[in-house]
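Coordinates from start-v8.txt are shown below (compact mmCIF, C-alpha atoms).
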```txt
# COMPACT_ATOMS: atom_id res chain seq x y z
CA MET B 9 0.00 0.00 0.00
CA LYS B 10 1.39 3.38 -1.00
CA ILE B 11 0.90 5.90 1.79
CA ALA B 12 1.07 9.68 1.48
CA LEU B 13 1.29 12.29 4.22
CA CYS B 14 -0.96 15.34 4.19
CA ASN B 15 1.63 18.08 4.03
CA GLU B 16 0.01 20.57 6.40
CA VAL B 17 1.25 18.27 9.19
CA LEU B 18 4.72 19.65 8.34
CA LYS B 19 3.56 23.08 7.15
CA ASP B 20 6.09 24.94 9.32
CA LEU B 21 8.87 23.54 7.12
CA PRO B 22 9.73 24.81 3.61
CA PHE B 23 8.31 22.52 0.94
CA PRO B 24 11.66 20.86 0.07
CA GLU B 25 12.14 20.09 3.77
CA GLN B 26 8.63 18.65 3.95
CA CYS B 27 9.61 16.32 1.12
CA ARG B 28 12.90 15.37 2.74
CA ALA B 29 11.24 14.61 6.06
CA ALA B 30 8.32 12.65 4.57
CA ALA B 31 10.69 10.53 2.47
CA ALA B 32 12.97 9.89 5.44
CA LEU B 33 9.99 8.71 7.49
CA GLY B 34 8.99 6.24 4.79
CA TYR B 35 6.07 7.93 3.05
CA ASP B 36 5.54 7.50 -0.68
CA GLY B 37 4.04 10.90 -1.37
CA LEU B 38 2.58 14.14 -0.13
CA GLU B 39 -1.09 15.10 -0.34
CA VAL B 40 -0.87 18.86 -0.59
CA ALA B 41 -3.07 21.56 0.89
CA PRO B 42 -2.72 24.44 -1.60
CA PHE B 43 -2.80 27.12 1.12
CA THR B 44 0.52 25.75 2.42
CA LEU B 45 2.19 26.59 -0.90
CA ALA B 46 0.93 30.17 -1.30
CA ALA B 47 -1.20 32.62 0.66
CA ASP B 48 -3.40 32.68 -2.45
CA PRO B 49 -3.00 29.46 -4.45
CA MET B 50 -4.31 31.31 -7.50
CA ASP B 51 -0.92 33.05 -7.60
CA ILE B 52 0.83 29.73 -8.33
CA GLY B 53 1.82 29.69 -11.99
CA ASP B 54 2.17 26.69 -14.26
CA ALA B 55 5.96 26.61 -14.04
CA GLN B 56 5.93 26.86 -10.24
CA ALA B 57 3.38 24.04 -10.03
CA ARG B 58 5.62 21.83 -12.16
CA ASP B 59 8.54 22.76 -9.89
CA PHE B 60 6.65 21.55 -6.81
CA GLY B 61 6.13 18.21 -8.54
CA ARG B 62 9.80 18.04 -9.54
CA ILE B 63 10.97 18.81 -5.99
CA ALA B 64 8.83 15.96 -4.66
CA ARG B 65 10.17 13.55 -7.29
CA ASP B 66 13.74 14.61 -6.52
CA HIS B 67 13.12 13.33 -2.99
CA GLY B 68 11.65 10.05 -4.23
CA LEU B 69 8.05 11.13 -3.61
CA GLU B 70 4.99 11.97 -5.65
CA ILE B 71 2.48 14.70 -5.08
CA SER B 72 -0.42 12.31 -4.90
CA GLY B 73 -3.17 14.91 -4.90
CA LEU B 74 -4.60 18.08 -3.35
CA HIS B 75 -7.00 18.61 -0.45
CA TRP B 76 -8.38 21.43 1.76
CA LEU B 77 -9.17 23.14 -1.52
CA LEU B 78 -11.18 26.24 -0.62
CA VAL B 79 -9.38 27.52 2.48
CA ALA B 80 -7.72 30.24 0.40
CA PRO B 81 -8.48 32.66 -1.07
CA ALA B 82 -10.86 33.62 1.71
CA GLY B 83 -14.61 33.87 1.40
CA LEU B 84 -15.36 31.10 -1.11
CA SER B 85 -18.59 29.09 -1.16
CA ILE B 86 -20.24 26.55 -3.45
CA VAL B 87 -23.63 26.94 -1.76
CA SER B 88 -23.99 30.72 -1.52
CA VAL B 89 -27.11 32.33 -2.97
CA ASP B 90 -24.71 34.84 -4.56
CA ALA B 91 -24.19 33.51 -8.09
CA SER B 92 -21.06 35.61 -8.63
CA LEU B 93 -19.45 34.12 -5.51
CA ARG B 94 -20.26 30.60 -6.67
CA GLN B 95 -18.80 31.43 -10.07
CA ARG B 96 -15.60 32.70 -8.45
CA SER B 97 -15.41 29.61 -6.25
CA THR B 98 -15.91 27.35 -9.27
CA ALA B 99 -13.09 29.13 -11.09
CA VAL B 100 -10.80 28.45 -8.12
CA MET B 101 -11.77 24.77 -8.15
CA GLN B 102 -11.08 24.52 -11.87
CA ARG B 103 -7.69 26.16 -11.47
CA LEU B 104 -6.80 23.82 -8.62
CA VAL B 105 -7.62 20.92 -10.93
CA GLU B 106 -5.11 22.30 -13.41
CA LEU B 107 -2.50 22.80 -10.68
CA CYS B 108 -3.00 19.25 -9.43
CA ALA B 109 -2.35 17.86 -12.90
CA LEU B 110 0.71 20.11 -13.37
CA MET B 111 2.17 18.86 -10.08
CA GLY B 112 1.65 15.25 -11.15
CA GLY B 113 -1.25 14.62 -8.78
CA ARG B 114 -4.04 12.16 -9.49
CA TYR B 115 -6.94 13.36 -7.36
CA LEU B 116 -8.42 16.28 -5.45
CA VAL B 117 -10.33 15.92 -2.17
CA HIS B 118 -13.12 18.45 -1.71
CA GLY B 119 -13.68 18.73 2.02
CA SER B 120 -13.84 22.46 2.82
CA PRO B 121 -16.80 22.14 5.22
CA ARG B 122 -17.34 25.81 5.93
CA GLN B 123 -17.50 26.60 2.23
CA ARG B 124 -20.28 24.08 1.63
CA SER B 125 -22.45 24.26 4.75
CA VAL B 126 -26.09 25.27 4.27
CA PRO B 127 -26.45 29.07 4.60
CA PRO B 128 -28.65 30.32 7.47
CA GLY B 129 -32.29 30.39 6.47
CA ASP B 130 -31.72 28.21 3.42
CA THR B 131 -32.73 24.61 2.81
CA ARG B 132 -30.47 21.62 2.37
CA ASP B 133 -32.01 20.76 -1.01
CA ALA B 134 -31.45 24.25 -2.41
CA ALA B 135 -27.87 24.38 -1.12
CA LEU B 136 -27.14 20.92 -2.52
CA ALA B 137 -28.48 21.91 -5.94
CA ARG B 138 -26.16 24.90 -6.05
CA ALA B 139 -23.21 22.81 -4.85
CA LYS B 140 -23.96 20.22 -7.51
CA GLU B 141 -23.56 22.83 -10.28
CA CYS B 142 -20.14 23.89 -8.98
CA LEU B 143 -18.96 20.32 -8.47
CA ALA B 144 -20.14 19.28 -11.94
CA ALA B 145 -18.04 22.08 -13.43
CA ALA B 146 -15.03 20.91 -11.41
CA ALA B 147 -15.64 17.36 -12.60
CA GLN B 148 -15.62 18.51 -16.21
CA ALA B 149 -12.28 20.24 -15.66
CA ALA B 150 -10.94 17.15 -13.91
CA GLN B 151 -11.90 14.93 -16.82
CA GLN B 152 -10.13 17.26 -19.23
CA CYS B 153 -6.99 17.24 -17.05
CA GLY B 154 -6.95 13.50 -16.39
CA VAL B 155 -7.49 13.66 -12.63
CA VAL B 156 -10.35 12.68 -10.31
CA TYR B 157 -12.32 15.14 -8.20
CA CYS B 158 -13.60 13.62 -4.93
CA ILE B 159 -16.35 14.94 -2.71
CA GLU B 160 -15.49 14.10 0.91
CA PRO B 161 -18.18 13.00 3.36
CA LEU B 162 -17.53 14.82 6.63
CA SER B 163 -18.95 14.63 10.13
CA ARG B 164 -21.99 16.64 11.17
CA VAL B 165 -19.78 18.55 13.58
CA GLU B 166 -18.00 20.02 10.56
CA THR B 167 -20.81 20.50 8.06
CA ASP B 168 -24.48 19.75 7.49
CA LEU B 169 -24.08 18.89 3.81
CA ILE B 170 -22.91 15.44 2.61
CA ASN B 171 -22.06 13.52 5.77
CA THR B 172 -22.16 9.87 4.71
CA VAL B 173 -20.68 7.84 1.89
CA ALA B 174 -24.20 6.94 0.78
CA GLU B 175 -25.09 10.64 0.41
CA ALA B 176 -21.87 11.25 -1.49
CA VAL B 177 -22.49 8.30 -3.81
CA GLU B 178 -25.94 9.69 -4.58
CA LEU B 179 -24.29 12.94 -5.67
CA VAL B 180 -21.64 11.05 -7.67
CA GLN B 181 -24.38 9.19 -9.53
CA ALA B 182 -26.29 12.42 -10.17
CA ILE B 183 -23.26 14.21 -11.65
CA ASP B 184 -22.41 11.05 -13.61
CA SER B 185 -18.83 11.85 -14.60
CA PRO B 186 -15.93 9.37 -14.69
CA ALA B 187 -13.82 12.11 -13.11
CA PHE B 188 -16.12 12.67 -10.11
CA LYS B 189 -15.97 10.20 -7.21
CA THR B 190 -16.13 10.12 -3.45
CA MET B 191 -13.76 8.84 -0.78
CA ILE B 192 -13.59 7.55 2.79
CA ASP B 193 -12.16 9.63 5.61
CA CYS B 194 -11.72 7.20 8.50
CA SER B 195 -12.15 9.87 11.16
CA ALA B 196 -15.43 11.16 9.74
CA ALA B 197 -16.70 7.66 8.98
CA GLY B 198 -16.01 6.59 12.53
CA GLN B 199 -18.17 9.44 13.78
CA VAL B 200 -21.21 9.22 11.49
CA GLU B 201 -21.46 5.88 9.70
CA HIS B 202 -23.48 2.91 10.96
CA GLU B 203 -20.98 0.48 9.39
CA ASP B 204 -17.29 0.26 10.21
CA VAL B 205 -14.70 1.37 7.67
CA PRO B 206 -13.88 -2.11 6.29
CA ALA B 207 -17.60 -2.74 5.69
CA LEU B 208 -17.91 0.63 3.94
CA MET B 209 -15.00 -0.29 1.67
CA ARG B 210 -16.50 -3.66 0.79
CA ARG B 211 -19.89 -2.07 0.15
CA TRP B 212 -18.87 0.88 -2.02
CA MET B 213 -15.49 0.15 -3.64
CA PRO B 214 -16.70 -2.62 -6.00
CA GLY B 215 -19.01 -0.10 -7.66
CA GLY B 216 -16.10 2.18 -8.50
CA HIS B 217 -17.37 5.07 -6.39
CA ILE B 218 -14.40 5.34 -3.99
CA ALA B 219 -11.25 6.90 -5.37
CA HIS B 220 -9.34 7.73 -2.18
CA VAL B 221 -8.94 6.92 1.50
CA GLN B 222 -7.65 9.12 4.31
CA LEU B 223 -6.30 7.39 7.40
CA ASN B 224 -7.03 9.08 10.72
CA ASP B 225 -8.77 8.31 14.01
CA PRO B 226 -12.18 9.62 15.08
CA ASN B 227 -10.33 11.46 17.86
CA ARG B 228 -8.69 13.45 15.00
CA ARG B 229 -5.22 12.10 15.70
CA GLY B 230 -3.19 9.82 13.47
CA PRO B 231 -3.52 6.04 13.09
CA GLY B 232 -2.40 4.29 16.25
CA GLN B 233 -3.27 7.20 18.52
CA GLY B 234 -6.90 6.32 19.20
CA GLU B 235 -9.41 3.51 19.48
CA MET B 236 -9.90 2.79 15.76
CA ARG B 237 -8.27 -0.46 14.65
CA PHE B 238 -6.36 0.00 11.39
CA ALA B 239 -5.30 -3.62 10.81
CA PRO B 240 -8.80 -4.53 9.50
CA ILE B 241 -8.86 -1.34 7.42
CA LEU B 242 -5.55 -2.17 5.76
CA ALA B 243 -6.72 -5.75 5.23
CA ALA B 244 -9.88 -4.52 3.49
CA LEU B 245 -7.80 -2.18 1.34
CA ARG B 246 -5.51 -5.03 0.30
CA GLU B 247 -8.57 -7.15 -0.50
CA MET B 248 -10.08 -4.39 -2.63
CA GLN B 249 -6.77 -3.80 -4.38
CA ALA B 250 -6.38 -7.49 -5.18
CA ALA B 251 -9.88 -7.54 -6.66
CA GLY B 252 -9.15 -4.46 -8.79
CA HIS B 253 -11.68 -2.32 -6.93
CA TYR B 254 -9.18 0.19 -5.55
CA THR B 255 -6.11 1.58 -7.27
CA GLY B 256 -5.51 4.69 -5.20
CA ILE B 257 -3.07 5.72 -2.53
CA ALA B 258 -3.99 6.16 1.15
CA ALA B 259 -3.13 9.38 2.94
CA VAL B 260 -2.40 10.01 6.61
CA GLU B 261 -4.35 13.08 7.75
CA PRO B 262 -4.28 13.84 11.47
CA PHE B 263 -5.69 17.13 12.70
CA ASP B 264 -4.46 17.00 16.29
CA TYR B 265 -0.68 16.64 16.16
CA VAL B 266 0.62 14.74 19.18
CA PRO B 267 3.32 15.31 20.30
CA ASP B 268 3.90 17.60 17.31
CA GLY B 269 3.69 17.47 13.52
CA MET B 270 6.85 15.45 12.99
CA GLY B 271 6.09 13.12 15.88
CA SER B 272 2.55 12.57 14.66
CA ALA B 273 3.74 11.81 11.12
CA ALA B 274 6.39 9.40 12.40
CA ARG B 275 4.00 7.60 14.75
CA ALA B 276 1.41 7.13 11.99
CA ILE B 277 3.69 5.65 9.35
CA GLY B 278 5.43 3.44 11.91
CA HIS B 279 2.09 2.09 13.11
CA LEU B 280 0.79 1.43 9.59
CA ARG B 281 3.98 -0.17 8.30
CA GLY B 282 4.14 -2.30 11.43
CA LEU B 283 0.61 -3.55 10.80
CA GLU B 284 1.53 -4.34 7.20
CA GLU B 285 4.60 -6.29 8.28
CA ALA B 286 2.62 -8.22 10.88
CA ALA B 287 0.01 -9.12 8.26
CA ALA B 288 2.70 -10.24 5.79
CA HIS B 289 4.23 -12.58 8.37
CA GLY B 290 1.00 -13.65 10.01
```

Have the structure of the file written as structure tokens, please.
Amino acid sequence: MKIALCNEVLKDLPFPEQCRAAAALGYDGLEVAPFTLAADPMDIGDAQARDFGRIARDHGLEISGLHWLLVAPAGLSIVSVDASLRQRSTAVMQRLVELCALMGGRYLVHGSPRQRSVPPGDTRDAALARAKECLAAAAQAAQQCGVVYCIEPLSRVETDLINTVAEAVELVQAIDSPAFKTMIDCSAAGQVEHEDVPALMRRWMPGGHIAHVQLNDPNRRGPGQGEMRFAPILAALREMQAAGHYTGIAAVEPFDYVPDGMGSAARAIGHLRGLEEAAAHG
């Protein structure tokens, strides 16, 4: 299993140092939050995007994809009643698709809960319809660029729009694009789903709806720092890979860094690789 590290865990380091550290710890790639590369990611030019990909490759890594897409520039929304704001937000999403492809990435994860939560006084159905238009435009750009755009189910603590894999799959089917999928975030799934993560994988991956997995605990720390058992999750991933139902990478995405970013990243990859080794010799 190829495992990437979400780079904001090491965001206090310059990007080349993030790559050096991630490679030294044993990661295969970085999943990049665009706001860590520039205060306004729209200022990143084509040549600079290619350079980020080259720097990662020079350290033996890939930029696997992008996530935390709409943090910057500030004020974006895919559900706003303001059509001009939605248009601006869509343009940012389309540009991030281009940047992902230029960096060598394969997918984008659309979490960004604040930028998709139902506006006060609005209805869920109306907000979802507006979000669908923006996401369909991003999917079209993704198809043109050869990447996959993933809507991320998130916990109800974070957003009130698209909380379960089933809800996300319904949206995927409605948009009906080969470049638009969903994914499983272990932390969110552990908080809202009625099935455990391995069961979710076995239910939804054979249909081709799941393009990515993020590994984290419901307590928002990294794998091995909470109650969630990752051995069955890795076993289900291997099973789905062997059956041809999953071809993606998995990314470590803690939010609470204990004892710090570097320590959290090291603990996570050590735990996951240890589980893999135990399974291989079990």

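Comparing B:Arg103, B:Arg228, B:Arg132, B:Lys140 by their smallest distance to Ser163 in chain B, the closest is B:Arg228 (using all atoms listed in the file).
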
Test item: residues at most 7 Å from Ala80 in chain B, all atoms listed in the file, excluding those fewer than 4 positions along its chain, as a CSV table (one decimal) with C-alpha atoms, in the frame of the given file:
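Below is the file selection02.csv, written as the result:
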```
chain,number,residue,atom,x,y,z
B,43,PHE,CA,-2.8,27.1,1.1
B,47,ALA,CA,-1.2,32.6,0.7
B,48,ASP,CA,-3.4,32.7,-2.4
B,49,PRO,CA,-3.0,29.5,-4.4
```

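Restricting the calculation to all atoms listed in the file, the smallest distance between Glu247 in chain B and any of B:Gln233, B:Glu25, B:Ala109, B:Pro206 is found for B:Pro206.
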
Distance table requested - range 146-182 of chain B against range 191-195 of chain B, cut-off 9 Å, all atoms listed in the file: one row per qualifying residue with the closest atom pair and its distance in Å to one decimal, ordered by chain and rising residue number, as CSV.
```
residue,atom,partner,partner_atom,distance
B:Cys158,CA,B:Met191,CA,6.3
B:Ile159,CA,B:Met191,CA,6.9
B:Glu160,CA,B:Met191,CA,5.8
B:Pro161,CA,B:Ile192,CA,7.1
B:Leu162,CA,B:Asp193,CA,7.5
B:Ser163,CA,B:Ser195,CA,8.4
B:Val173,CA,B:Ile192,CA,7.2
B:Ala176,CA,B:Met191,CA,8.5
```

If you keep C-alpha atoms, can you produce a file of those selected residues as a CSV table (one decimal), in the coordinates of the input?
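Produced file part.csv, reproduced below:
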```
chain,number,residue,atom,x,y,z
B,158,CYS,CA,-13.6,13.6,-4.9
B,159,ILE,CA,-16.4,14.9,-2.7
B,160,GLU,CA,-15.5,14.1,0.9
B,161,PRO,CA,-18.2,13.0,3.4
B,162,LEU,CA,-17.5,14.8,6.6
B,163,SER,CA,-19.0,14.6,10.1
B,173,VAL,CA,-20.7,7.8,1.9
B,176,ALA,CA,-21.9,11.2,-1.5
```

Do you know which residues lie at most 12 Å from (-4.7, 5.2, 2.6), with coordinates as in the file and all atoms listed in the file counted, and could you write them as a ChimeraX atom specification?
-> /B:9-14,35-39,72,191-194,205,209,218-224,230-231,238,241-246,249,254-261,276-277,280-281

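Nearest-residue note for Pro127 in chain B: choosing from B:Ser272, B:Asp168, B:Gln102, B:Gln151, the minimum distance belongs to B:Asp168, counting all atoms listed in the file.
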
Point-to-point distance from CA of His253 in chain B to CA of Gly215 in chain B, Å rounded to tenths = 7.7 Å

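The gap separating CA of Asp184 in chain B from CA of Gln148 in chain B is 10.4 Å, in Å to one decimal.
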
Surrounding residues of Arg58 in chain B excluding itself and chain neighbours under 4 positions, 9 Å, only C-alpha atoms, as a PDB file with C-alpha atoms, keeping the file's coordinate frame:
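Written output follows (selection-v4.pdb):
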```pdb
ATOM      1  CA  GLY B  53       1.820  29.690 -11.990  1.00  0.00           C
ATOM      2  CA  ASP B  54       2.170  26.690 -14.260  1.00  0.00           C
ATOM      3  CA  ARG B  62       9.800  18.040  -9.540  1.00  0.00           C
ATOM      4  CA  ILE B  63      10.970  18.810  -5.990  1.00  0.00           C
ATOM      5  CA  LEU B 107      -2.500  22.800 -10.680  1.00  0.00           C
ATOM      6  CA  ALA B 109      -2.350  17.860 -12.900  1.00  0.00           C
ATOM      7  CA  LEU B 110       0.710  20.110 -13.370  1.00  0.00           C
ATOM      8  CA  MET B 111       2.170  18.860 -10.080  1.00  0.00           C
ATOM      9  CA  GLY B 112       1.650  15.250 -11.150  1.00  0.00           C
TER      10      GLY B 112
END
```

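Here CA of Val87 in chain B stands at a distance of 23.1 Å from CA of Ala197 in chain B.
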
Counting all atoms listed in the file, which residues come within 9 Å of (-14.8, 29.3, 2.5), with the point read in the file's coordinates, and could you list them as a list in words?
-> Leu78, Val79, Ala80, Pro81, Ala82, Gly83, Leu84, Ser85, Ile86, Ser97, Ser120, Pro121, Arg122, Gln123 and Arg124 of chain B

Distance criterion (only C-alpha atoms): nearest to Gln26 in chain B out of B:Leu69, B:Val89, B:Val180, B:Met50 | B:Leu69

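When all atoms listed in the file are used to measure the gap to Glu284 in chain B, the shortest distance among B:Met270, B:Glu201, B:Val100, B:Ala239 belongs to B:Ala239.
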
Selection near Leu74 in chain B, 7 Å with all atoms listed in the file, sequence-local residues under 3 positions removed, as number ranges by chain | B: 39-42, 108, 115-117
